[in-house]
file query.txt (compact mmCIF, C-alpha atoms)
# COMPACT_ATOMS: atom_id res chain seq x y z
CA MET A 1 0.00 0.00 0.00
CA LEU A 2 1.13 3.54 -0.64
CA GLY A 3 2.16 5.70 2.27
CA THR A 4 1.71 9.08 0.51
CA ALA A 5 -0.48 11.48 2.47
CA VAL A 6 -3.82 12.18 0.79
CA PRO A 7 -5.30 15.68 1.22
CA SER A 8 -8.75 15.69 2.84
CA LEU A 9 -11.31 17.24 0.50
CA GLY A 10 -14.36 16.72 2.66
CA ASP A 11 -17.55 14.90 1.75
CA GLY A 12 -18.68 15.79 -1.73
CA ALA A 13 -16.30 18.77 -1.94
CA SER A 14 -14.80 19.61 -5.30
CA PRO A 15 -11.19 20.79 -5.82
CA SER A 16 -12.41 24.28 -6.57
CA THR A 17 -14.23 24.63 -3.26
CA ALA A 18 -12.17 22.46 -0.92
CA THR A 19 -9.92 24.07 1.64
CA MET A 20 -6.44 22.99 0.62
CA ASP A 21 -2.96 24.37 1.00
CA PRO A 22 -1.52 25.93 -2.17
CA PRO A 23 0.05 23.22 -4.33
CA SER A 24 3.81 22.92 -4.25
CA ALA A 25 6.47 21.15 -6.27
CA THR A 26 6.63 18.51 -3.52
CA ASP A 27 2.90 17.80 -3.85
CA ALA A 28 3.22 17.43 -7.61
CA GLU A 29 6.19 15.09 -7.21
CA GLY A 30 4.14 13.03 -4.75
CA LEU A 31 1.34 12.63 -7.27
CA LEU A 32 3.79 11.62 -9.96
CA ALA A 33 5.42 9.08 -7.65
CA GLU A 34 2.03 7.56 -6.82
CA ALA A 35 1.09 7.30 -10.48
CA ARG A 36 4.39 5.63 -11.32
CA GLU A 37 3.99 3.12 -8.49
CA VAL A 38 0.50 2.22 -9.64
CA ALA A 39 1.72 1.79 -13.19
CA SER A 40 4.60 -0.36 -11.98
CA THR A 41 2.66 -2.62 -9.57
CA ARG A 42 -0.65 -2.46 -11.43
CA GLN A 43 -2.35 -2.29 -8.06
CA VAL A 44 -4.84 0.51 -7.49
CA THR A 45 -5.84 1.20 -3.90
CA ASP A 46 -9.24 2.52 -2.94
CA ALA A 47 -7.69 5.73 -1.58
CA PHE A 48 -5.78 6.31 -4.83
CA ALA A 49 -8.82 5.65 -7.00
CA ALA A 50 -10.99 7.93 -4.87
CA THR A 51 -8.69 10.93 -4.55
CA PHE A 52 -6.16 10.92 -7.38
CA PRO A 53 -8.40 12.39 -10.11
CA GLU A 54 -9.50 15.30 -7.91
CA ARG A 55 -5.99 15.94 -6.66
CA LEU A 56 -4.60 15.91 -10.20
CA GLU A 57 -7.33 18.28 -11.36
CA TYR A 58 -6.57 20.60 -8.46
CA HIS A 59 -2.87 20.84 -9.38
CA LEU A 60 -3.58 21.27 -13.06
CA ARG A 61 -6.11 24.00 -12.35
CA ALA A 62 -3.70 25.80 -10.00
CA ALA A 63 -0.87 25.53 -12.52
CA SER A 64 -2.98 26.96 -15.33
CA GLU A 65 -4.73 29.61 -13.24
CA GLY A 66 -5.00 32.81 -15.23
CA GLY A 67 -4.68 30.98 -18.55
CA PRO A 68 -1.88 31.45 -21.10
CA ALA A 69 -2.02 35.22 -20.75
CA GLY A 70 -1.40 34.95 -17.01
CA ALA A 71 1.49 32.57 -17.56
CA ASP A 72 3.01 34.87 -20.18
CA ALA A 73 2.64 37.87 -17.86
CA ALA A 74 4.31 35.99 -15.00
CA LEU A 75 7.14 34.88 -17.28
CA SER A 76 7.58 38.41 -18.59
CA ALA A 77 7.70 39.79 -15.05
CA LEU A 78 10.33 37.23 -14.05
CA ARG A 79 12.36 38.01 -17.17
CA ASP A 80 12.20 41.76 -16.45
CA GLN A 81 13.25 41.19 -12.85
CA HIS A 82 16.19 39.07 -14.00
CA LEU A 83 17.29 41.75 -16.48
CA ARG A 84 17.05 44.46 -13.80
CA LEU A 85 19.08 42.41 -11.35
CA ALA A 86 21.70 41.67 -14.02
CA ALA A 87 21.90 45.36 -14.96
CA ASP A 88 22.16 46.41 -11.31
CA TYR A 89 24.96 43.91 -10.71
CA ASP A 90 26.82 45.03 -13.84
CA ASN A 91 26.54 48.68 -12.76
CA PHE A 92 27.72 47.78 -9.26
CA ARG A 93 30.69 45.86 -10.67
CA LYS A 94 31.69 48.74 -12.95
CA ARG A 95 31.21 51.32 -10.19
CA SER A 96 33.31 49.27 -7.76
CA ALA A 97 36.09 48.86 -10.33
CA ALA A 98 36.05 52.59 -11.08
CA GLU A 99 36.20 53.43 -7.37
CA ARG A 100 39.14 51.06 -6.86
CA ASP A 101 40.98 52.57 -9.82
CA SER A 102 40.26 56.08 -8.55
CA ALA A 103 41.54 55.23 -5.06
CA ARG A 104 44.74 53.70 -6.48
CA THR A 105 45.33 56.71 -8.73
CA ALA A 106 44.74 59.13 -5.86
CA ALA A 107 47.20 57.29 -3.60
CA ARG A 108 49.79 57.10 -6.37
CA GLY A 109 49.30 60.77 -7.20
CA ASP A 110 49.80 61.85 -3.58
CA THR A 111 53.07 59.91 -3.41
CA VAL A 112 54.36 61.25 -6.73
CA LEU A 113 53.43 64.81 -5.77
CA GLU A 114 55.70 64.59 -2.74
CA LEU A 115 58.56 63.36 -4.94
CA LEU A 116 58.20 66.10 -7.56
CA ALA A 117 60.19 68.41 -5.29
CA VAL A 118 63.12 66.01 -5.73
CA VAL A 119 62.80 66.31 -9.51
CA ASP A 120 62.81 70.11 -9.19
CA SER A 121 65.98 69.97 -7.10
CA PHE A 122 67.71 67.72 -9.64
CA GLU A 123 66.85 70.07 -12.51
CA GLN A 124 67.88 73.21 -10.63
CA ALA A 125 71.17 71.64 -9.61
CA ALA A 126 71.84 70.42 -13.17
CA ALA A 127 71.26 73.93 -14.52
CA ALA A 128 73.74 75.35 -12.02
CA LEU A 129 76.52 72.84 -12.67
CA SER A 130 79.40 73.82 -14.96
CA PRO A 131 81.93 70.95 -14.91
CA ALA A 132 85.42 72.01 -15.96
CA THR A 133 87.49 68.87 -15.39
CA ASP A 134 87.09 65.21 -16.29
CA GLY A 135 86.44 64.38 -12.65
CA GLU A 136 83.67 66.95 -12.41
CA ARG A 137 82.14 65.72 -15.65
CA LYS A 138 82.08 62.17 -14.29
CA VAL A 139 80.25 63.38 -11.21
CA VAL A 140 77.73 65.23 -13.36
CA ALA A 141 77.24 62.12 -15.54
CA ALA A 142 76.52 60.00 -12.48
CA TYR A 143 74.20 62.69 -11.17
CA ASP A 144 72.37 62.78 -14.51
CA ALA A 145 72.03 58.97 -14.52
CA VAL A 146 70.22 59.07 -11.18
CA TYR A 147 67.92 61.82 -12.48
CA ARG A 148 67.09 59.80 -15.61
CA GLN A 149 66.35 56.76 -13.49
CA LEU A 150 63.91 58.78 -11.40
CA VAL A 151 62.19 60.17 -14.50
CA ALA A 152 61.91 56.66 -15.98
CA ALA A 153 60.27 55.44 -12.76
CA PHE A 154 57.72 58.27 -12.98
CA ARG A 155 56.95 57.38 -16.59
CA ARG A 156 56.32 53.75 -15.64
CA LEU A 157 53.82 54.99 -13.10
CA GLY A 158 52.02 56.95 -15.82
CA VAL A 159 53.31 60.39 -14.83
CA GLU A 160 53.93 62.81 -17.70
CA ALA A 161 54.85 66.48 -18.02
CA VAL A 162 52.20 68.91 -19.28
CA PRO A 163 53.03 70.89 -22.46
CA GLY A 164 55.42 73.73 -21.69
CA GLU A 165 57.48 76.30 -23.58
CA GLY A 166 56.35 76.95 -27.14
CA GLU A 167 52.88 75.51 -26.54
CA PRO A 168 49.60 77.47 -26.34
CA PHE A 169 48.63 78.56 -22.83
CA ASP A 170 46.05 76.20 -21.32
CA PRO A 171 44.44 77.36 -18.07
CA ALA A 172 43.58 73.76 -17.27
CA VAL A 173 47.27 72.83 -16.88
CA HIS A 174 49.14 76.16 -16.70
CA GLU A 175 49.41 78.89 -14.10
CA ALA A 176 50.45 82.18 -15.72
CA ILE A 177 52.60 84.15 -13.29
CA MET A 178 54.08 86.60 -15.85
CA ARG A 179 53.26 88.08 -19.25
CA GLU A 180 55.33 89.83 -21.90
CA PRO A 181 54.72 91.25 -25.40
CA ALA A 182 54.91 88.47 -27.95
CA PRO A 183 58.24 88.39 -29.84
CA ALA A 184 58.11 88.51 -33.62
CA GLY A 185 56.57 85.38 -35.04
CA VAL A 186 55.24 84.15 -31.70
CA PRO A 187 51.42 83.80 -31.60
CA ASP A 188 49.39 85.49 -28.91
CA GLY A 189 48.88 83.28 -25.84
CA THR A 190 52.03 81.21 -26.33
CA VAL A 191 54.03 79.95 -23.35
CA VAL A 192 57.47 81.57 -23.75
CA GLN A 193 59.09 80.46 -20.51
CA GLU A 194 58.51 77.71 -17.96
CA PHE A 195 59.48 78.43 -14.36
CA ARG A 196 58.26 75.13 -12.95
CA LYS A 197 57.18 72.03 -14.83
CA GLY A 198 53.62 70.80 -14.53
CA PHE A 199 52.78 67.11 -14.26
CA ARG A 200 49.71 64.92 -14.56
CA LEU A 201 48.91 61.32 -13.81
CA GLY A 202 46.51 60.05 -16.41
CA ASP A 203 43.60 62.49 -16.42
CA LYS A 204 44.52 63.89 -12.99
CA LEU A 205 46.57 67.08 -12.85
CA LEU A 206 49.16 66.72 -10.10
CA ARG A 207 50.34 70.31 -10.34
CA ALA A 208 50.06 73.11 -12.89
CA GLY A 209 53.07 74.42 -14.73
CA MET A 210 54.18 77.93 -13.76
CA VAL A 211 54.76 79.86 -16.99
CA LYS A 212 55.26 83.20 -18.69
CA VAL A 213 52.79 83.91 -21.51
CA ALA A 214 53.21 86.14 -24.58
CA PHE A 215 50.43 88.54 -25.54
CA ALA A 216 49.83 90.53 -28.71
CA GLU A 217 51.47 93.97 -28.67
CA ASP A 218 48.22 95.73 -29.50
CA GLU A 219 46.89 94.81 -26.02
CA PRO A 220 47.21 97.59 -23.41
CA THR A 221 50.34 97.11 -21.30
CA GLN A 222 52.15 98.84 -18.51
CA GLY A 223 55.46 98.46 -20.32
CA GLY A 224 57.93 95.61 -20.39
CA GLU A 225 57.18 92.51 -18.37
CA GLU A 226 54.35 92.46 -15.91
CA GLU A 227 52.96 90.04 -13.45
CA ALA A 228 49.76 88.25 -14.49

call {"tool": "encode", "arguments": {"input": "query.txt", "output": "structure tokens"}}
result
Amino acid sequence: MLGTAVPSLGDGASPSTATMDPPSATDAEGLLAEAREVASTRQVTDAFAATFPERLEYHLRAASEGGPAGADAALSALRDQHLRLAADYDNFRKRSAAERDSARTAARGDTVLELLAVVDSFEQAAAALSPATDGERKVVAAYDAVYRQLVAAFRRLGVEAVPGEGEPFDPAVHEAIMREPAPAGVPDGTVVQEFRKGFRLGDKLLRAGMVKVAFAEDEPTQGGEEEA
């Protein structure tokens, strides 16, 4: 005999009016198991014969409730929910990656900014050196090798100098501290001298270049050079 629990429908009650728990996948699997056992043993119990048709009808009716349109609407809602969840996860993944990259760039930029003063010192010292003997020239060569090594390390980190002398003035990367009338053949707004190099790391400006900018002679001036 089968040991599967049989829902109580009450005397003369139909599946549409009986008080039953909502059907579940477990209930459906139980029905299928009972049907397979009957087919295998070819023994039909009174309980199975009395309740199986109504129970099967109940599950079929519950499964098809709302008709094809209802099933399509439920499937569409599930599909939309899946697409929204997938889009939200993709946005979260991209946002997290962007935030990690931004944090790494900021930390790298802060470190490089502290070291730019060392680059300035190297360049100022190199400009002041005037080796006269072979010994002095060897010292300068060694000094220059260290400077080049430092610059190469910055380049590997993605640090690059902003355009300087001879380039058009760009307020996004330049700080004009002096102006002078444009020499012959020099366009208005050209950087004619760089007092301090500017650097950027990717799209982030680490520091602006301090420059002198040429202006057209027809602009009103106070004579000679003037501070910006």

call {"tool": "residues_near_point", "arguments": {"input": "query.txt", "point": "(57.1, 73.5, -17.4)", "cutoff": "9 Å", "atoms": "all atoms listed in the file", "output": "PyMOL selection string"}}
result
chain A and resi 161-165+174+193-199+208-211

call {"tool": "atom_distance", "arguments": {"input": "query.txt", "atom1": "atom CA of A:Gly185", "atom2": "atom CA of A:Glu123"}}
result
29.1 Å

call {"tool": "atom_distance", "arguments": {"input": "query.txt", "atom1": "atom CA of A:Phe215", "atom2": "atom CA of A:Glu175"}}
result
15.0 Å

call {"tool": "atom_distance", "arguments": {"input": "query.txt", "atom1": "atom CA of A:Arg200", "atom2": "atom CA of A:Leu150"}}
result
15.8 Å

call {"tool": "decode", "arguments": {"input": "query.txt", "residues": "stretch 68-222 of chain A", "atoms": "C-alpha atoms", "output": "PDB file, in the first residue's frame"}}
result
ATOM      1  CA  PRO A  68      -1.881  31.447 -21.104  1.00  0.00           C
ATOM      2  CA  ALA A  69      -2.016  35.217 -20.751  1.00  0.00           C
ATOM      3  CA  GLY A  70      -1.405  34.953 -17.010  1.00  0.00           C
ATOM      4  CA  ALA A  71       1.488  32.570 -17.561  1.00  0.00           C
ATOM      5  CA  ASP A  72       3.008  34.870 -20.181  1.00  0.00           C
ATOM      6  CA  ALA A  73       2.639  37.870 -17.863  1.00  0.00           C
ATOM      7  CA  ALA A  74       4.309  35.993 -14.999  1.00  0.00           C
ATOM      8  CA  LEU A  75       7.141  34.876 -17.277  1.00  0.00           C
ATOM      9  CA  SER A  76       7.582  38.411 -18.590  1.00  0.00           C
ATOM     10  CA  ALA A  77       7.703  39.794 -15.046  1.00  0.00           C
ATOM     11  CA  LEU A  78      10.333  37.234 -14.050  1.00  0.00           C
ATOM     12  CA  ARG A  79      12.359  38.014 -17.165  1.00  0.00           C
ATOM     13  CA  ASP A  80      12.199  41.758 -16.452  1.00  0.00           C
ATOM     14  CA  GLN A  81      13.245  41.186 -12.854  1.00  0.00           C
ATOM     15  CA  HIS A  82      16.192  39.071 -14.001  1.00  0.00           C
ATOM     16  CA  LEU A  83      17.288  41.753 -16.479  1.00  0.00           C
ATOM     17  CA  ARG A  84      17.046  44.463 -13.804  1.00  0.00           C
ATOM     18  CA  LEU A  85      19.078  42.409 -11.348  1.00  0.00           C
ATOM     19  CA  ALA A  86      21.696  41.665 -14.020  1.00  0.00           C
ATOM     20  CA  ALA A  87      21.899  45.360 -14.962  1.00  0.00           C
ATOM     21  CA  ASP A  88      22.161  46.413 -11.307  1.00  0.00           C
ATOM     22  CA  TYR A  89      24.958  43.913 -10.708  1.00  0.00           C
ATOM     23  CA  ASP A  90      26.820  45.031 -13.838  1.00  0.00           C
ATOM     24  CA  ASN A  91      26.543  48.682 -12.764  1.00  0.00           C
ATOM     25  CA  PHE A  92      27.725  47.784  -9.263  1.00  0.00           C
ATOM     26  CA  ARG A  93      30.692  45.860 -10.672  1.00  0.00           C
ATOM     27  CA  LYS A  94      31.692  48.737 -12.952  1.00  0.00           C
ATOM     28  CA  ARG A  95      31.215  51.316 -10.194  1.00  0.00           C
ATOM     29  CA  SER A  96      33.312  49.273  -7.756  1.00  0.00           C
ATOM     30  CA  ALA A  97      36.085  48.858 -10.330  1.00  0.00           C
ATOM     31  CA  ALA A  98      36.048  52.594 -11.078  1.00  0.00           C
ATOM     32  CA  GLU A  99      36.197  53.428  -7.370  1.00  0.00           C
ATOM     33  CA  ARG A 100      39.140  51.063  -6.860  1.00  0.00           C
ATOM     34  CA  ASP A 101      40.985  52.571  -9.816  1.00  0.00           C
ATOM     35  CA  SER A 102      40.262  56.082  -8.551  1.00  0.00           C
ATOM     36  CA  ALA A 103      41.543  55.225  -5.064  1.00  0.00           C
ATOM     37  CA  ARG A 104      44.743  53.695  -6.478  1.00  0.00           C
ATOM     38  CA  THR A 105      45.326  56.708  -8.734  1.00  0.00           C
ATOM     39  CA  ALA A 106      44.745  59.131  -5.861  1.00  0.00           C
ATOM     40  CA  ALA A 107      47.196  57.288  -3.599  1.00  0.00           C
ATOM     41  CA  ARG A 108      49.785  57.100  -6.372  1.00  0.00           C
ATOM     42  CA  GLY A 109      49.298  60.769  -7.195  1.00  0.00           C
ATOM     43  CA  ASP A 110      49.800  61.853  -3.583  1.00  0.00           C
ATOM     44  CA  THR A 111      53.073  59.911  -3.413  1.00  0.00           C
ATOM     45  CA  VAL A 112      54.358  61.252  -6.730  1.00  0.00           C
ATOM     46  CA  LEU A 113      53.430  64.809  -5.773  1.00  0.00           C
ATOM     47  CA  GLU A 114      55.700  64.590  -2.738  1.00  0.00           C
ATOM     48  CA  LEU A 115      58.562  63.364  -4.938  1.00  0.00           C
ATOM     49  CA  LEU A 116      58.204  66.103  -7.557  1.00  0.00           C
ATOM     50  CA  ALA A 117      60.190  68.413  -5.294  1.00  0.00           C
ATOM     51  CA  VAL A 118      63.118  66.006  -5.728  1.00  0.00           C
ATOM     52  CA  VAL A 119      62.804  66.314  -9.510  1.00  0.00           C
ATOM     53  CA  ASP A 120      62.811  70.108  -9.187  1.00  0.00           C
ATOM     54  CA  SER A 121      65.980  69.966  -7.098  1.00  0.00           C
ATOM     55  CA  PHE A 122      67.707  67.718  -9.637  1.00  0.00           C
ATOM     56  CA  GLU A 123      66.846  70.066 -12.508  1.00  0.00           C
ATOM     57  CA  GLN A 124      67.876  73.209 -10.628  1.00  0.00           C
ATOM     58  CA  ALA A 125      71.167  71.636  -9.614  1.00  0.00           C
ATOM     59  CA  ALA A 126      71.843  70.420 -13.172  1.00  0.00           C
ATOM     60  CA  ALA A 127      71.257  73.928 -14.520  1.00  0.00           C
ATOM     61  CA  ALA A 128      73.740  75.352 -12.016  1.00  0.00           C
ATOM     62  CA  LEU A 129      76.521  72.836 -12.670  1.00  0.00           C
ATOM     63  CA  SER A 130      79.403  73.819 -14.959  1.00  0.00           C
ATOM     64  CA  PRO A 131      81.932  70.949 -14.914  1.00  0.00           C
ATOM     65  CA  ALA A 132      85.416  72.009 -15.962  1.00  0.00           C
ATOM     66  CA  THR A 133      87.487  68.867 -15.388  1.00  0.00           C
ATOM     67  CA  ASP A 134      87.092  65.213 -16.288  1.00  0.00           C
ATOM     68  CA  GLY A 135      86.436  64.377 -12.652  1.00  0.00           C
ATOM     69  CA  GLU A 136      83.673  66.949 -12.409  1.00  0.00           C
ATOM     70  CA  ARG A 137      82.142  65.724 -15.655  1.00  0.00           C
ATOM     71  CA  LYS A 138      82.082  62.166 -14.291  1.00  0.00           C
ATOM     72  CA  VAL A 139      80.251  63.381 -11.208  1.00  0.00           C
ATOM     73  CA  VAL A 140      77.731  65.227 -13.362  1.00  0.00           C
ATOM     74  CA  ALA A 141      77.242  62.124 -15.540  1.00  0.00           C
ATOM     75  CA  ALA A 142      76.522  59.999 -12.476  1.00  0.00           C
ATOM     76  CA  TYR A 143      74.197  62.690 -11.170  1.00  0.00           C
ATOM     77  CA  ASP A 144      72.371  62.778 -14.507  1.00  0.00           C
ATOM     78  CA  ALA A 145      72.033  58.972 -14.525  1.00  0.00           C
ATOM     79  CA  VAL A 146      70.217  59.074 -11.177  1.00  0.00           C
ATOM     80  CA  TYR A 147      67.922  61.819 -12.483  1.00  0.00           C
ATOM     81  CA  ARG A 148      67.092  59.805 -15.611  1.00  0.00           C
ATOM     82  CA  GLN A 149      66.351  56.764 -13.489  1.00  0.00           C
ATOM     83  CA  LEU A 150      63.908  58.785 -11.396  1.00  0.00           C
ATOM     84  CA  VAL A 151      62.191  60.173 -14.500  1.00  0.00           C
ATOM     85  CA  ALA A 152      61.910  56.664 -15.980  1.00  0.00           C
ATOM     86  CA  ALA A 153      60.273  55.439 -12.758  1.00  0.00           C
ATOM     87  CA  PHE A 154      57.715  58.268 -12.976  1.00  0.00           C
ATOM     88  CA  ARG A 155      56.945  57.376 -16.585  1.00  0.00           C
ATOM     89  CA  ARG A 156      56.322  53.749 -15.644  1.00  0.00           C
ATOM     90  CA  LEU A 157      53.817  54.985 -13.095  1.00  0.00           C
ATOM     91  CA  GLY A 158      52.019  56.948 -15.817  1.00  0.00           C
ATOM     92  CA  VAL A 159      53.308  60.392 -14.834  1.00  0.00           C
ATOM     93  CA  GLU A 160      53.930  62.806 -17.700  1.00  0.00           C
ATOM     94  CA  ALA A 161      54.845  66.476 -18.015  1.00  0.00           C
ATOM     95  CA  VAL A 162      52.204  68.906 -19.283  1.00  0.00           C
ATOM     96  CA  PRO A 163      53.029  70.888 -22.465  1.00  0.00           C
ATOM     97  CA  GLY A 164      55.424  73.729 -21.691  1.00  0.00           C
ATOM     98  CA  GLU A 165      57.485  76.299 -23.579  1.00  0.00           C
ATOM     99  CA  GLY A 166      56.350  76.948 -27.137  1.00  0.00           C
ATOM    100  CA  GLU A 167      52.880  75.510 -26.544  1.00  0.00           C
ATOM    101  CA  PRO A 168      49.603  77.471 -26.336  1.00  0.00           C
ATOM    102  CA  PHE A 169      48.634  78.559 -22.830  1.00  0.00           C
ATOM    103  CA  ASP A 170      46.048  76.196 -21.322  1.00  0.00           C
ATOM    104  CA  PRO A 171      44.437  77.365 -18.069  1.00  0.00           C
ATOM    105  CA  ALA A 172      43.581  73.755 -17.267  1.00  0.00           C
ATOM    106  CA  VAL A 173      47.268  72.829 -16.885  1.00  0.00           C
ATOM    107  CA  HIS A 174      49.138  76.157 -16.703  1.00  0.00           C
ATOM    108  CA  GLU A 175      49.412  78.894 -14.104  1.00  0.00           C
ATOM    109  CA  ALA A 176      50.453  82.180 -15.719  1.00  0.00           C
ATOM    110  CA  ILE A 177      52.604  84.154 -13.290  1.00  0.00           C
ATOM    111  CA  MET A 178      54.085  86.604 -15.847  1.00  0.00           C
ATOM    112  CA  ARG A 179      53.263  88.084 -19.252  1.00  0.00           C
ATOM    113  CA  GLU A 180      55.330  89.834 -21.904  1.00  0.00           C
ATOM    114  CA  PRO A 181      54.721  91.252 -25.401  1.00  0.00           C
ATOM    115  CA  ALA A 182      54.909  88.472 -27.954  1.00  0.00           C
ATOM    116  CA  PRO A 183      58.242  88.390 -29.841  1.00  0.00           C
ATOM    117  CA  ALA A 184      58.115  88.510 -33.619  1.00  0.00           C
ATOM    118  CA  GLY A 185      56.569  85.378 -35.043  1.00  0.00           C
ATOM    119  CA  VAL A 186      55.236  84.152 -31.701  1.00  0.00           C
ATOM    120  CA  PRO A 187      51.423  83.801 -31.595  1.00  0.00           C
ATOM    121  CA  ASP A 188      49.394  85.491 -28.912  1.00  0.00           C
ATOM    122  CA  GLY A 189      48.882  83.279 -25.843  1.00  0.00           C
ATOM    123  CA  THR A 190      52.035  81.206 -26.327  1.00  0.00           C
ATOM    124  CA  VAL A 191      54.034  79.945 -23.346  1.00  0.00           C
ATOM    125  CA  VAL A 192      57.467  81.567 -23.753  1.00  0.00           C
ATOM    126  CA  GLN A 193      59.088  80.461 -20.509  1.00  0.00           C
ATOM    127  CA  GLU A 194      58.509  77.713 -17.960  1.00  0.00           C
ATOM    128  CA  PHE A 195      59.482  78.430 -14.360  1.00  0.00           C
ATOM    129  CA  ARG A 196      58.258  75.125 -12.949  1.00  0.00           C
ATOM    130  CA  LYS A 197      57.180  72.032 -14.827  1.00  0.00           C
ATOM    131  CA  GLY A 198      53.624  70.798 -14.528  1.00  0.00           C
ATOM    132  CA  PHE A 199      52.781  67.107 -14.257  1.00  0.00           C
ATOM    133  CA  ARG A 200      49.710  64.924 -14.559  1.00  0.00           C
ATOM    134  CA  LEU A 201      48.906  61.315 -13.812  1.00  0.00           C
ATOM    135  CA  GLY A 202      46.506  60.047 -16.411  1.00  0.00           C
ATOM    136  CA  ASP A 203      43.601  62.486 -16.422  1.00  0.00           C
ATOM    137  CA  LYS A 204      44.515  63.888 -12.991  1.00  0.00           C
ATOM    138  CA  LEU A 205      46.574  67.077 -12.852  1.00  0.00           C
ATOM    139  CA  LEU A 206      49.157  66.721 -10.100  1.00  0.00           C
ATOM    140  CA  ARG A 207      50.340  70.312 -10.336  1.00  0.00           C
ATOM    141  CA  ALA A 208      50.057  73.114 -12.887  1.00  0.00           C
ATOM    142  CA  GLY A 209      53.071  74.423 -14.734  1.00  0.00           C
ATOM    143  CA  MET A 210      54.183  77.932 -13.759  1.00  0.00           C
ATOM    144  CA  VAL A 211      54.761  79.858 -16.988  1.00  0.00           C
ATOM    145  CA  LYS A 212      55.256  83.200 -18.690  1.00  0.00           C
ATOM    146  CA  VAL A 213      52.793  83.910 -21.507  1.00  0.00           C
ATOM    147  CA  ALA A 214      53.209  86.136 -24.580  1.00  0.00           C
ATOM    148  CA  PHE A 215      50.433  88.536 -25.538  1.00  0.00           C
ATOM    149  CA  ALA A 216      49.829  90.529 -28.713  1.00  0.00           C
ATOM    150  CA  GLU A 217      51.470  93.966 -28.672  1.00  0.00           C
ATOM    151  CA  ASP A 218      48.217  95.733 -29.495  1.00  0.00           C
ATOM    152  CA  GLU A 219      46.895  94.811 -26.024  1.00  0.00           C
ATOM    153  CA  PRO A 220      47.211  97.593 -23.413  1.00  0.00           C
ATOM    154  CA  THR A 221      50.335  97.110 -21.302  1.00  0.00           C
ATOM    155  CA  GLN A 222      52.153  98.844 -18.515  1.00  0.00           C
TER     156      GLN A 222
END
